[in-house]
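S.K.: For reference, the structure I am asking about is given below.
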Amino acid sequence: MKHMSFSSARLGWKLGGGLFLLLFASLEAMAQAPIKTTFVSGSGRGGQEGPAMICDGQLSTKWCIDFPPQLPYTIILDAGGQTNIAEYGLVTGDDTNAYPERNPVTWELSGSNDKQDWTIIDIQKNNRSLPAEGLQEYRFKPTAAGAKDKFRYFRFEFVKMAGGTRIQLSEIYLYDKVQMPVKATYVSGSGRDGKEGAAKAADGWFFTKWCIDEPSQMPYSITLDAGEAAPISEYRFVTGDDTHDYPERNPITWKMSGSNDQKSWTVLDEQKGNRRLRDENEQEYRFRPATSGNYRYYRFEFLKMADGTRLQLSEIKLFK
Ligand SMILES: [Ca+2]
């Protein structure tokens, strides 16, 4: 997950007014991206796995601490201005598949404008929805009375983990808009139509899948129509109904591109040797494209599977 548009925004500021238009275009394209937060304070020491790693925009760094006297572990983020939080996302650590007990299960989120008076925005108790998967974002909608109010500072207090006293998270994202699924329709794809044709990856059902093994047609591709030109902030792959038995069919190298005429395509994301999809049936995996733009058509090209030449996916979903 790279916030390329944010870095170009920063570059715009550095280089001055000449790049104002570039800056503006970048921010607009990222309208559904997380609020840019800065770290205020948090539990634990600084350094490599310190609390500041929770909002450095990089999934490769994480906050990881095990120091019970400091429980509940806190993180305070500065949203830069008053805003309300429609959703927030917790992203698991890089090795959460090996250490799922480090996922938080009980926490509180509060908002403040002076860092002294705090209003509760959300309470989660024994919520075990964070998966035993590395680098997965799971979103929560705040539901406490204060959720509709606007605040500048946001404080997370992690009271309890799934097991033990060590917590790890690679990022916390705050959103001022709810993530909207895009009602995408199938345009075209590799392989034959029919029971396991490409259209089955965009029919809205987990129990139907696209399954293809025709090496001469590689890379396998599928094109979806988002209905109107809009930036995509996230896409998701859902594994097949028997991926537990056939994990080799999971894609590991793919490209996502956008277009408005289905002729000229702009690459928005590239993943190489990404083995995040696991040997589990009908599991949903979230990816944030490296960049986004106003495109109506989105194409995914699958260049390599975990092993062999057969690909299967039950759904591909797009989110604004
Ligand atoms: Ca399907």
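Residue names in the structure tokens use chain letters A, B, ... in the order shown, residue numbers from 1 in each chain, and ligand numbers from 1 in the order shown.
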Can you list, as a compact mmCIF listing (two decimals) with N, CA and C atoms, in the first residue's frame, every protein, DNA or RNA residue that comes within 8 Å of A:Arg286 when you count only C-alpha atoms, leaving out same-chain residues fewer than 6 positions away?

M.R.:
```txt
# COMPACT_ATOMS: atom_id res chain seq x y z
N GLN A 136 -4.08 -7.06 6.83
CA GLN A 136 -5.48 -6.94 6.43
C GLN A 136 -6.11 -5.76 7.15
N GLU A 137 -6.83 -4.97 6.38
CA GLU A 137 -7.54 -3.86 7.01
C GLU A 137 -8.96 -4.29 7.32
N GLU A 234 -10.09 0.94 -3.32
CA GLU A 234 -9.80 -0.41 -2.84
C GLU A 234 -10.42 -1.44 -3.77
N TYR A 235 -9.71 -2.54 -3.94
CA TYR A 235 -10.32 -3.68 -4.62
C TYR A 235 -10.13 -4.92 -3.76
N ARG A 236 -11.02 -5.88 -3.96
CA ARG A 236 -10.97 -7.08 -3.14
C ARG A 236 -11.07 -8.32 -4.01
N PHE A 237 -10.32 -9.33 -3.63
CA PHE A 237 -10.42 -10.65 -4.26
C PHE A 237 -11.05 -11.60 -3.25
```

S.K.: Within 6 Å of ligand 1, which residues show up when you count only C-alpha atoms and all ligand atoms? List them as a ChimeraX atom specification, please.

M.R.: /A:200-209,314-315

S.K.: For A:Gly227, list every protein, DNA or RNA residue within 9 Å, evaluated using only C-alpha atoms, and leave out those in the same chain fewer than 6 positions away; present the list as a PDB file with N, CA and C atoms, in the first residue's frame.

M.R.:
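Output file out26.pdb is given in full below:
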```
ATOM      1  N   VAL A 182     -18.792  -0.371  -5.407  1.00  0.00           N
ATOM      2  CA  VAL A 182     -19.169   0.022  -6.755  1.00  0.00           C
ATOM      3  C   VAL A 182     -19.933  -1.136  -7.375  1.00  0.00           C
ATOM      4  N   LYS A 183     -21.083  -0.840  -7.957  1.00  0.00           N
ATOM      5  CA  LYS A 183     -21.849  -1.895  -8.620  1.00  0.00           C
ATOM      6  C   LYS A 183     -21.236  -2.084 -10.000  1.00  0.00           C
ATOM      7  N   ALA A 184     -20.220  -2.936 -10.066  1.00  0.00           N
ATOM      8  CA  ALA A 184     -19.512  -3.141 -11.329  1.00  0.00           C
ATOM      9  C   ALA A 184     -20.159  -4.283 -12.109  1.00  0.00           C
ATOM     10  N   THR A 185     -20.162  -4.142 -13.417  1.00  0.00           N
ATOM     11  CA  THR A 185     -20.709  -5.219 -14.251  1.00  0.00           C
ATOM     12  C   THR A 185     -19.602  -5.800 -15.113  1.00  0.00           C
ATOM     13  N   ARG A 296     -13.656   4.551 -15.851  1.00  0.00           N
ATOM     14  CA  ARG A 296     -14.908   3.788 -15.818  1.00  0.00           C
ATOM     15  C   ARG A 296     -14.660   2.283 -15.890  1.00  0.00           C
ATOM     16  N   TYR A 297     -13.640   1.905 -16.660  1.00  0.00           N
ATOM     17  CA  TYR A 297     -13.362   0.471 -16.840  1.00  0.00           C
ATOM     18  C   TYR A 297     -12.118   0.064 -16.063  1.00  0.00           C
TER      19      TYR A 297
END
```

S.K.: Mind checking which residues fall within 12 Å of stretch 52-55 of chain A, counting only C-alpha atoms, ignoring those fewer than 6 positions away in the same chain, and posting them as an NGL selection string?

M.R.: :A and (3 or 34-46 or 61-65 or 74-79 or 89-93 or 156 or 167-174)

S.K.: Based on DSSP run over this structure's backbone, return all residues of stretch 141-202 of chain A in strand (DSSP E), as a ChimeraX atom specification.

M.R.: /A:151-161,167-169,171-175,185-189

S.K.: Any chance you could list, as a list in words, the residues in stretch 183-237 of chain A that come up helix (DSSP H, G or I) when DSSP is run on the backbone?

M.R.: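 These are the residues in question: Ala198, Ala199, Lys200, Ala201, Ala202, Pro215, Ser216 and Gln217 of chain A.
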
S.K.: Between A:Arg128, A:Gln58, A:Phe154, A:Phe67, which one has atoms that come closest to A:Leu109, using only C-alpha atoms?

M.R.: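 When distances to A:Leu109 are compared using only C-alpha atoms, the smallest one comes from A:Phe154.
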
S.K.: Give me, as an NGL selection string, all polymer residues having an atom no more than 12 Å from A:Leu303, counting only C-alpha atoms and skipping those fewer than 3 positions away in the same chain.

M.R.: :A and (215-221 or 249-256 or 270-274 or 300 or 306-311)

S.K.: Find the residues near A:Ser292: any atom within 7 Å, counting only C-alpha atoms, skip ones fewer than 6 places away on the same chain, and give them as a list in words.

M.R.: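 That gives Ala29, Pro231, Ile232, Ser233 and Leu268 of chain A.
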